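Asker: input-v5.pdb is reproduced in full below (PDB, C-alpha atoms, pLDDT in the B column).
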```
ATOM      1  CA  MET A 165       1.314  -5.363 -16.508  1.00 67.00           C
ATOM      2  CA  GLU A 166       1.513  -1.949 -14.876  1.00 71.00           C
ATOM      3  CA  ASN A 167       1.869  -1.378 -11.152  1.00 72.00           C
ATOM      4  CA  LYS A 168      -1.623   0.157 -10.961  1.00 76.00           C
ATOM      5  CA  THR A 169      -3.287  -2.889 -12.537  1.00 83.00           C
ATOM      6  CA  TYR A 170      -1.300  -5.143 -10.204  1.00 83.00           C
ATOM      7  CA  ARG A 171      -2.543  -3.215  -7.163  1.00 83.00           C
ATOM      8  CA  LYS A 172      -6.170  -3.411  -8.384  1.00 88.00           C
ATOM      9  CA  LEU A 173      -5.879  -7.152  -9.030  1.00 89.00           C
ATOM     10  CA  ARG A 174      -4.326  -7.694  -5.595  1.00 90.00           C
ATOM     11  CA  ILE A 175      -7.215  -5.862  -3.922  1.00 93.00           C
ATOM     12  CA  GLY A 176      -9.683  -7.892  -6.017  1.00 93.00           C
ATOM     13  CA  ILE A 177      -8.089 -11.198  -4.979  1.00 94.00           C
ATOM     14  CA  ALA A 178      -8.022 -10.145  -1.312  1.00 93.00           C
ATOM     15  CA  ALA A 179     -11.726  -9.158  -1.512  1.00 94.00           C
ATOM     16  CA  PHE A 180     -12.558 -12.506  -3.134  1.00 93.00           C
ATOM     17  CA  VAL A 181     -10.717 -14.476  -0.426  1.00 94.00           C
ATOM     18  CA  ALA A 182     -12.331 -12.397   2.341  1.00 94.00           C
ATOM     19  CA  ALA A 183     -15.826 -12.906   0.864  1.00 94.00           C
ATOM     20  CA  ALA A 184     -15.265 -16.637   0.335  1.00 93.00           C
ATOM     21  CA  MET A 185     -13.886 -17.000   3.874  1.00 92.00           C
ATOM     22  CA  SER A 186     -16.858 -15.211   5.430  1.00 93.00           C
ATOM     23  CA  ILE A 187     -19.254 -17.454   3.453  1.00 93.00           C
ATOM     24  CA  ALA A 188     -17.224 -20.503   4.545  1.00 91.00           C
ATOM     25  CA  VAL A 189     -17.442 -19.436   8.202  1.00 91.00           C
ATOM     26  CA  THR A 190     -21.186 -18.714   7.908  1.00 92.00           C
ATOM     27  CA  LEU A 191     -21.882 -22.087   6.286  1.00 90.00           C
ATOM     28  CA  ASP A 192     -19.372 -23.841   8.565  1.00 89.00           C
ATOM     29  CA  ASN A 193     -17.714 -25.248   5.455  1.00 88.00           C
ATOM     30  CA  MET A 194     -14.003 -25.819   6.057  1.00 88.00           C
ATOM     31  CA  LEU A 195     -13.362 -27.089   2.523  1.00 91.00           C
ATOM     32  CA  LEU A 196     -14.624 -23.824   0.990  1.00 90.00           C
ATOM     33  CA  GLY A 197     -12.362 -21.837   3.323  1.00 90.00           C
ATOM     34  CA  VAL A 198      -9.254 -23.853   2.491  1.00 92.00           C
ATOM     35  CA  ALA A 199     -10.085 -23.813  -1.245  1.00 93.00           C
ATOM     36  CA  SER A 200     -10.522 -20.023  -1.278  1.00 92.00           C
ATOM     37  CA  VAL A 201      -7.185 -19.473   0.486  1.00 92.00           C
ATOM     38  CA  VAL A 202      -5.375 -21.849  -1.909  1.00 94.00           C
ATOM     39  CA  ILE A 203      -7.017 -20.218  -4.974  1.00 94.00           C
ATOM     40  CA  GLY A 204      -6.124 -16.789  -3.582  1.00 93.00           C
ATOM     41  CA  MET A 205      -2.478 -17.788  -3.043  1.00 93.00           C
ATOM     42  CA  ILE A 206      -2.166 -19.280  -6.541  1.00 94.00           C
ATOM     43  CA  SER A 207      -3.771 -16.183  -8.119  1.00 93.00           C
ATOM     44  CA  MET A 208      -1.378 -13.915  -6.199  1.00 90.00           C
ATOM     45  CA  VAL A 209       1.646 -15.891  -7.433  1.00 91.00           C
ATOM     46  CA  VAL A 210       0.381 -15.783 -11.051  1.00 91.00           C
ATOM     47  CA  VAL A 211      -0.393 -12.036 -10.907  1.00 89.00           C
ATOM     48  CA  ARG A 212       2.965 -11.265  -9.266  1.00 86.00           C
ATOM     49  CA  SER A 213       4.849 -13.161 -11.973  1.00 87.00           C
ATOM     50  CA  LYS A 214       3.172 -11.071 -14.705  1.00 84.00           C
ATOM     51  CA  VAL A 215       3.950  -7.674 -13.252  1.00 80.00           C
ATOM     52  CA  LYS A 216       7.054  -5.602 -13.964  1.00 73.00           C
ATOM     53  CA  ARG A 217       7.518  -4.132 -10.497  1.00 68.00           C
ATOM     54  CA  ILE A 218      10.250  -1.705  -9.669  1.00 70.00           C
ATOM     55  CA  VAL A 219      11.440  -2.019  -6.085  1.00 75.00           C
ATOM     56  CA  ASP A 220      13.733   0.958  -5.859  1.00 86.00           C
ATOM     57  CA  GLU A 221      15.829   2.352  -3.008  1.00 93.00           C
ATOM     58  CA  ARG A 222      13.036   4.587  -1.670  1.00 93.00           C
ATOM     59  CA  GLU A 223      10.672   1.647  -1.423  1.00 90.00           C
ATOM     60  CA  VAL A 224      13.381  -0.398   0.314  1.00 93.00           C
ATOM     61  CA  MET A 225      13.862   2.429   2.809  1.00 94.00           C
ATOM     62  CA  VAL A 226      10.106   2.664   3.387  1.00 94.00           C
ATOM     63  CA  ARG A 227       9.960  -1.094   4.008  1.00 93.00           C
ATOM     64  CA  GLN A 228      12.899  -0.894   6.434  1.00 94.00           C
ATOM     65  CA  LYS A 229      11.246   1.886   8.416  1.00 96.00           C
ATOM     66  CA  ALA A 230       7.922   0.044   8.447  1.00 96.00           C
ATOM     67  CA  ALA A 231       9.635  -3.160   9.651  1.00 95.00           C
ATOM     68  CA  GLN A 232      11.530  -1.229  12.330  1.00 95.00           C
ATOM     69  CA  MET A 233       8.354   0.426  13.596  1.00 96.00           C
ATOM     70  CA  THR A 234       6.460  -2.878  13.528  1.00 96.00           C
ATOM     71  CA  TYR A 235       9.178  -4.492  15.654  1.00 96.00           C
ATOM     72  CA  ALA A 236       9.322  -1.519  18.037  1.00 96.00           C
ATOM     73  CA  ILE A 237       5.562  -1.746  18.623  1.00 96.00           C
ATOM     74  CA  PHE A 238       4.963  -5.484  18.365  1.00 95.00           C
ATOM     75  CA  ALA A 239       7.787  -6.808  20.593  1.00 95.00           C
ATOM     76  CA  PRO A 240       6.912  -4.764  23.723  1.00 95.00           C
ATOM     77  CA  THR A 241       3.185  -5.300  23.157  1.00 95.00           C
ATOM     78  CA  ILE A 242       3.324  -9.092  23.092  1.00 95.00           C
ATOM     79  CA  GLY A 243       6.081  -9.105  25.728  1.00 95.00           C
ATOM     80  CA  LEU A 244       4.030  -7.092  28.215  1.00 95.00           C
ATOM     81  CA  GLY A 245       0.856  -8.936  27.207  1.00 94.00           C
ATOM     82  CA  SER A 246       2.459 -12.301  27.931  1.00 94.00           C
ATOM     83  CA  VAL A 247       3.785 -11.146  31.320  1.00 93.00           C
ATOM     84  CA  MET A 248       0.348  -9.805  32.266  1.00 93.00           C
ATOM     85  CA  LEU A 249      -1.337 -13.021  31.179  1.00 92.00           C
ATOM     86  CA  VAL A 250       1.079 -15.170  33.205  1.00 91.00           C
ATOM     87  CA  LEU A 251       0.922 -12.959  36.312  1.00 90.00           C
ATOM     88  CA  LEU A 252      -2.761 -12.116  36.351  1.00 87.00           C
ATOM     89  CA  ALA A 253      -4.162 -15.521  35.401  1.00 83.00           C
ATOM     90  CA  ASP A 254      -5.451 -17.340  38.474  1.00 81.00           C
ATOM     91  CA  GLU A 255      -5.430 -21.092  39.053  1.00 76.00           C
ATOM     92  CA  SER A 256      -8.724 -21.707  37.232  1.00 78.00           C
ATOM     93  CA  SER A 257      -7.766 -19.893  34.019  1.00 83.00           C
ATOM     94  CA  TYR A 258      -4.998 -22.204  32.884  1.00 86.00           C
ATOM     95  CA  ILE A 259      -5.707 -21.374  29.216  1.00 89.00           C
ATOM     96  CA  LEU A 260      -4.731 -17.748  29.797  1.00 90.00           C
ATOM     97  CA  LYS A 261      -1.544 -18.849  31.546  1.00 90.00           C
ATOM     98  CA  ALA A 262      -0.718 -21.181  28.645  1.00 91.00           C
ATOM     99  CA  MET A 263      -1.369 -18.375  26.181  1.00 92.00           C
ATOM    100  CA  GLY A 264       0.933 -16.125  28.180  1.00 93.00           C
ATOM    101  CA  THR A 265       3.687 -18.751  28.105  1.00 93.00           C
ATOM    102  CA  VAL A 266       3.322 -19.220  24.346  1.00 95.00           C
ATOM    103  CA  LEU A 267       3.440 -15.442  23.833  1.00 95.00           C
ATOM    104  CA  SER A 268       6.563 -15.222  26.030  1.00 95.00           C
ATOM    105  CA  TYR A 269       8.346 -17.754  23.842  1.00 96.00           C
ATOM    106  CA  LEU A 270       7.162 -15.897  20.741  1.00 95.00           C
ATOM    107  CA  THR A 271       8.618 -12.672  22.146  1.00 95.00           C
ATOM    108  CA  LEU A 272      11.921 -14.402  22.851  1.00 96.00           C
ATOM    109  CA  TYR A 273      11.946 -15.856  19.334  1.00 96.00           C
ATOM    110  CA  LEU A 274      11.231 -12.407  17.851  1.00 95.00           C
ATOM    111  CA  ILE A 275      14.011 -10.748  19.871  1.00 96.00           C
ATOM    112  CA  ALA A 276      16.463 -13.549  19.018  1.00 97.00           C
ATOM    113  CA  LEU A 277      15.634 -13.308  15.311  1.00 95.00           C
ATOM    114  CA  PHE A 278      16.038  -9.526  15.395  1.00 95.00           C
ATOM    115  CA  SER A 279      19.381  -9.756  17.213  1.00 95.00           C
ATOM    116  CA  ILE A 280      20.741 -12.394  14.826  1.00 96.00           C
ATOM    117  CA  SER A 281      19.739 -10.409  11.735  1.00 95.00           C
ATOM    118  CA  LEU A 282      21.155  -7.236  13.324  1.00 93.00           C
ATOM    119  CA  VAL A 283      24.552  -8.889  13.871  1.00 93.00           C
ATOM    120  CA  TYR A 284      24.467 -10.435  10.373  1.00 93.00           C
ATOM    121  CA  PHE A 285      23.686  -7.164   8.552  1.00 91.00           C
ATOM    122  CA  ASN A 286      26.115  -5.212  10.735  1.00 91.00           C
ATOM    123  CA  ARG A 287      28.899  -7.604   9.672  1.00 91.00           C
ATOM    124  CA  LYS A 288      27.731  -7.651   6.050  1.00 90.00           C
ATOM    125  CA  TYR A 289      27.922  -3.874   5.763  1.00 88.00           C
ATOM    126  CA  GLY A 290      31.358  -3.574   7.320  1.00 83.00           C
ATOM    127  CA  GLY A 291      30.725  -2.892  10.981  1.00 72.00           C
ATOM    128  CA  GLY A 292      31.240  -4.932  14.089  1.00 60.00           C
ATOM    129  CA  ASN A 293      34.868  -6.147  13.912  1.00 60.00           C
ATOM    130  CA  GLY A 294      36.460  -2.957  15.281  1.00 60.00           C
ATOM    131  CA  LYS A 295      39.292  -2.948  12.708  1.00 61.00           C
ATOM    132  CA  GLU A 296      40.372   0.324  11.119  1.00 59.00           C
TER     133      GLU A 296
ATOM    134  CA  MET I 217      18.464  18.008   3.883  1.00 71.00           C
ATOM    135  CA  ALA I 218      19.797  18.599   0.374  1.00 81.00           C
ATOM    136  CA  LYS I 219      17.885  20.796  -2.046  1.00 88.00           C
ATOM    137  CA  ASN I 220      17.956  19.919  -5.716  1.00 91.00           C
ATOM    138  CA  LYS I 221      17.378  21.300  -9.187  1.00 92.00           C
ATOM    139  CA  LEU I 222      15.950  18.100 -10.593  1.00 93.00           C
ATOM    140  CA  LYS I 223      12.677  19.693 -11.703  1.00 94.00           C
ATOM    141  CA  VAL I 224      14.559  22.418 -13.597  1.00 94.00           C
ATOM    142  CA  LEU I 225      16.943  19.970 -15.231  1.00 95.00           C
ATOM    143  CA  ARG I 226      14.056  17.723 -16.209  1.00 95.00           C
ATOM    144  CA  ALA I 227      12.257  20.689 -17.773  1.00 95.00           C
ATOM    145  CA  ILE I 228      15.413  21.721 -19.673  1.00 95.00           C
ATOM    146  CA  HIS I 229      15.765  18.197 -21.058  1.00 94.00           C
ATOM    147  CA  GLU I 230      11.999  18.072 -21.800  1.00 94.00           C
ATOM    148  CA  MET I 231      11.455  14.900 -19.826  1.00 95.00           C
ATOM    149  CA  THR I 232       8.370  13.757 -17.988  1.00 95.00           C
ATOM    150  CA  GLN I 233       8.624  12.297 -14.498  1.00 95.00           C
ATOM    151  CA  LYS I 234       7.780   8.882 -15.929  1.00 93.00           C
ATOM    152  CA  GLU I 235      10.518   9.112 -18.575  1.00 94.00           C
ATOM    153  CA  LEU I 236      13.092  10.155 -15.996  1.00 95.00           C
ATOM    154  CA  ALA I 237      11.968   7.386 -13.645  1.00 93.00           C
ATOM    155  CA  ASP I 238      12.297   4.795 -16.424  1.00 91.00           C
ATOM    156  CA  LYS I 239      15.783   6.032 -17.327  1.00 93.00           C
ATOM    157  CA  LEU I 240      16.917   5.913 -13.710  1.00 94.00           C
ATOM    158  CA  ARG I 241      15.124   2.597 -13.139  1.00 91.00           C
ATOM    159  CA  VAL I 242      13.159   3.902 -10.180  1.00 92.00           C
ATOM    160  CA  SER I 243       9.453   4.487  -9.625  1.00 89.00           C
ATOM    161  CA  ARG I 244       7.717   7.773 -10.545  1.00 91.00           C
ATOM    162  CA  GLN I 245       6.925   8.219  -6.840  1.00 91.00           C
ATOM    163  CA  THR I 246      10.655   8.300  -6.101  1.00 93.00           C
ATOM    164  CA  VAL I 247      11.220  11.038  -8.703  1.00 95.00           C
ATOM    165  CA  ILE I 248       8.329  13.031  -7.191  1.00 95.00           C
ATOM    166  CA  ALA I 249       9.735  12.558  -3.663  1.00 94.00           C
ATOM    167  CA  ILE I 250      13.210  13.740  -4.734  1.00 94.00           C
ATOM    168  CA  GLU I 251      11.822  16.750  -6.619  1.00 94.00           C
ATOM    169  CA  ASN I 252       9.809  17.770  -3.568  1.00 93.00           C
ATOM    170  CA  ASN I 253      12.885  17.387  -1.309  1.00 90.00           C
ATOM    171  CA  LYS I 254      11.167  14.673   0.703  1.00 92.00           C
ATOM    172  CA  TYR I 255      13.761  12.022  -0.030  1.00 93.00           C
ATOM    173  CA  ASN I 256      17.524  12.236  -0.453  1.00 92.00           C
ATOM    174  CA  PRO I 257      18.686   9.758  -3.095  1.00 94.00           C
ATOM    175  CA  SER I 258      21.619   7.419  -2.559  1.00 94.00           C
ATOM    176  CA  LEU I 259      25.024   8.347  -3.920  1.00 94.00           C
ATOM    177  CA  ASP I 260      24.553   5.747  -6.640  1.00 94.00           C
ATOM    178  CA  LEU I 261      21.281   7.297  -7.813  1.00 95.00           C
ATOM    179  CA  ALA I 262      22.719  10.814  -7.540  1.00 95.00           C
ATOM    180  CA  PHE I 263      25.626   9.795  -9.815  1.00 96.00           C
ATOM    181  CA  LYS I 264      23.160   8.243 -12.264  1.00 95.00           C
ATOM    182  CA  MET I 265      21.240  11.533 -12.384  1.00 95.00           C
ATOM    183  CA  ALA I 266      24.404  13.536 -12.896  1.00 95.00           C
ATOM    184  CA  HIS I 267      25.474  11.191 -15.684  1.00 95.00           C
ATOM    185  CA  LEU I 268      22.049  11.382 -17.341  1.00 95.00           C
ATOM    186  CA  PHE I 269      21.966  15.185 -17.321  1.00 95.00           C
ATOM    187  CA  GLU I 270      25.689  15.363 -18.207  1.00 94.00           C
ATOM    188  CA  THR I 271      26.520  17.434 -15.162  1.00 94.00           C
ATOM    189  CA  THR I 272      27.973  17.011 -11.688  1.00 94.00           C
ATOM    190  CA  ILE I 273      26.261  16.043  -8.461  1.00 94.00           C
ATOM    191  CA  GLU I 274      27.049  19.497  -7.029  1.00 93.00           C
ATOM    192  CA  GLU I 275      25.158  21.076  -9.907  1.00 92.00           C
ATOM    193  CA  ILE I 276      22.043  19.085  -9.067  1.00 94.00           C
ATOM    194  CA  PHE I 277      22.190  18.988  -5.288  1.00 93.00           C
ATOM    195  CA  GLU I 278      22.901  21.727  -2.821  1.00 90.00           C
ATOM    196  CA  TYR I 279      23.468  20.847   0.813  1.00 85.00           C
ATOM    197  CA  GLU I 280      21.667  22.996   3.348  1.00 77.00           C
ATOM    198  CA  ALA I 281      22.975  22.595   6.883  1.00 74.00           C
ATOM    199  CA  ASP I 282      20.265  22.374   9.519  1.00 67.00           C
ATOM    200  CA  LEU I 283      20.701  25.324  11.895  1.00 61.00           C
ATOM    201  CA  ASP I 284      19.183  23.324  14.781  1.00 62.00           C
ATOM    202  CA  GLU I 285      21.810  20.605  14.299  1.00 56.00           C
ATOM    203  CA  GLN I 286      24.649  23.134  14.356  1.00 53.00           C
ATOM    204  CA  ALA I 287      23.542  24.683  17.659  1.00 51.00           C
TER     205      ALA I 287
END
```
What does the file become when written as structure tokens?

Answerer:
Amino acid sequence: MENKTYRKLRIGIAAFVAAAMSIAVTLDNMLLGVASVVIGMISMVVVRSKVKRIVDEREVMVRQKAAQMTYAIFAPTIGLGSVMLVLLADESSYILKAMGTVLSYLTLYLIALFSISLVYFNRKYGGGNGKE
Amino acid sequence: MAKNKLKVLRAIHEMTQKELADKLRVSRQTVIAIENNKYNPSLDLAFKMAHLFETTIEEIFEYEADLDEQA
């Protein structure tokens, strides 16, 4: 299977899942929602196994840059959002305060994960030990 | 940014972008990006190109120093 066909099939599956999910929400049918997601996931796995995809160095670089930008935007956004929620929520809005706390922990988890992977890849590619 | 003669070499060897991409085991988009000087390939890929066209890396790529960087 060519890359183009794979992309078309992926869009088709995503459209099917989105349509089925919206119907499930409209009808308040949880079973339909879960079934559509499971069918979508299985179809994605089957389609992916049939395609001969080339992930070359340019695509890897594009993914790295995209991941870097996502982190640079996402971490401060949820970090600041969580601080605002915790600080601005008054006594009555305990749900907002709880959300803020959860987001704070998520931010910490994200930063910790980033730092660990940074140290790991730095060591893997020869940096970090200071030896000549 | 390095300029390259990939388009010329490909024309000399009568290769399409797809054929070159298949031989280098990269996508056609990568070949297009290199030909348009939008992406500098890795040393590994540059050596593969040189080997494929039976030439040297210096014959394919020419380094152009950025005048802003030098200042």

Asker: In terms of the shortest atom-to-atom distance over all atoms listed in the file, which of A:Val202, A:Ala253, A:Lys216, A:Met185 is closest to chain I?

Answerer: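 Distance minimum relative to chain I lands on A:Lys216.
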
Asker: Taking all atoms listed in the file into account, what are the residues of chain I at most 7 Å from chain A, put as a list in words?

Answerer: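 That gives Val242, Ser243 and Thr246 of chain I for chain I.
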
Asker: Given the selection you just returned, output its residues as a file containing C-alpha atoms, formatted as a compact mmCIF listing (two decimals), in the frame of the given file.

Answerer:
```txt
# COMPACT_ATOMS: atom_id res chain seq x y z
CA VAL I 242 13.16 3.90 -10.18
CA SER I 243 9.45 4.49 -9.62
CA THR I 246 10.66 8.30 -6.10
```

Asker: Could you state the separation of CA of His229 in chain I and CA of Gln245 in chain I in Å, given to one decimal place?

Answerer: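 These atoms are spaced 19.5 Å apart.
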
Asker: Identify which of the residues A:Ser246, A:Ser256, A:Thr241, A:Thr169 lies closest to Val211 in chain A, counting all atoms listed in the file when measuring atom-to-atom distances.

Answerer: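 Result for the nearest residue to Val211 in chain A: A:Thr169.
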
Asker: Since I can't run it myself right now, could you work out what the PyMOL selection byres ((chain A and resi 261) around 12) selects here and report it as a PyMOL selection string?

Answerer: chain A and resi 245-260+262-268

Asker: Restricting it to C-alpha atoms, dump the selection as a PDB file, in the frame of the given file.

Answerer:
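The result, stored in part-v6.pdb:
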```pdb
ATOM      1  CA  GLY A 245       0.856  -8.936  27.207  1.00 94.00           C
ATOM      2  CA  SER A 246       2.459 -12.301  27.931  1.00 94.00           C
ATOM      3  CA  VAL A 247       3.785 -11.146  31.320  1.00 93.00           C
ATOM      4  CA  MET A 248       0.348  -9.805  32.266  1.00 93.00           C
ATOM      5  CA  LEU A 249      -1.337 -13.021  31.179  1.00 92.00           C
ATOM      6  CA  VAL A 250       1.079 -15.170  33.205  1.00 91.00           C
ATOM      7  CA  LEU A 251       0.922 -12.959  36.312  1.00 90.00           C
ATOM      8  CA  LEU A 252      -2.761 -12.116  36.351  1.00 87.00           C
ATOM      9  CA  ALA A 253      -4.162 -15.521  35.401  1.00 83.00           C
ATOM     10  CA  ASP A 254      -5.451 -17.340  38.474  1.00 81.00           C
ATOM     11  CA  GLU A 255      -5.430 -21.092  39.053  1.00 76.00           C
ATOM     12  CA  SER A 256      -8.724 -21.707  37.232  1.00 78.00           C
ATOM     13  CA  SER A 257      -7.766 -19.893  34.019  1.00 83.00           C
ATOM     14  CA  TYR A 258      -4.998 -22.204  32.884  1.00 86.00           C
ATOM     15  CA  ILE A 259      -5.707 -21.374  29.216  1.00 89.00           C
ATOM     16  CA  LEU A 260      -4.731 -17.748  29.797  1.00 90.00           C
ATOM     17  CA  ALA A 262      -0.718 -21.181  28.645  1.00 91.00           C
ATOM     18  CA  MET A 263      -1.369 -18.375  26.181  1.00 92.00           C
ATOM     19  CA  GLY A 264       0.933 -16.125  28.180  1.00 93.00           C
ATOM     20  CA  THR A 265       3.687 -18.751  28.105  1.00 93.00           C
ATOM     21  CA  VAL A 266       3.322 -19.220  24.346  1.00 95.00           C
ATOM     22  CA  LEU A 267       3.440 -15.442  23.833  1.00 95.00           C
ATOM     23  CA  SER A 268       6.563 -15.222  26.030  1.00 95.00           C
TER      24      SER A 268
END
```

Asker: Need the shell around Glu278 in chain I: protein/DNA/RNA residues with any atom at most 7 Å away, counting all atoms listed in the file. Skip same-chain ones fewer than 5 positions apart. Format as a ChimeraX atom specification?

Answerer: /I:218-220

Asker: Starting from the shown file, work through the PyMOL selection byres ((chain I and resi 262-269) around 12) and note down what comes out as an MDAnalysis selection string.

Answerer: (chainID A and resid 221) or (chainID I and resid 218 220:231 235:242 247 250 255:261 270:278)

Asker: Using the file's own x, y and z axes, what box holds all listed atoms of range 199-206 of chain A with 4 Å on each side, keeping edges along x, y and z, and what are its centre and edge lengths in Å to one decimal, as AutoDock Vina command-line options?

Answerer:
```
--center_x -6.3 --center_y -20.3 --center_z -3.0 --size_x 16.4 --size_y 15.0 --size_z 15.0
```

Asker: Would you work out the distance separating CA of Ala281 in chain I from CA of Arg227 in chain A, expressed in Å to one decimal?

Answerer: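 We find that CA of Ala281 in chain I and CA of Arg227 in chain A lie 27.2 Å from each other.
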
Asker: Might you pull out every residue within 12 Å of Leu282 in chain A, with all atoms listed in the file counted and same-chain residues fewer than 6 positions away left off, and present them as a list of chain:residue names?

Answerer: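 Contacts, in chain order: A:Gln232, A:Ile275, A:Ala276, A:Lys288, A:Tyr289, A:Gly291, A:Gly292.
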
Asker: What's the separation between CA of Gly197 in chain A and CA of Ile177 in chain A, in Å to one decimal place?

Answerer: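 Distance reported for this atom pair: 14.2 Å.
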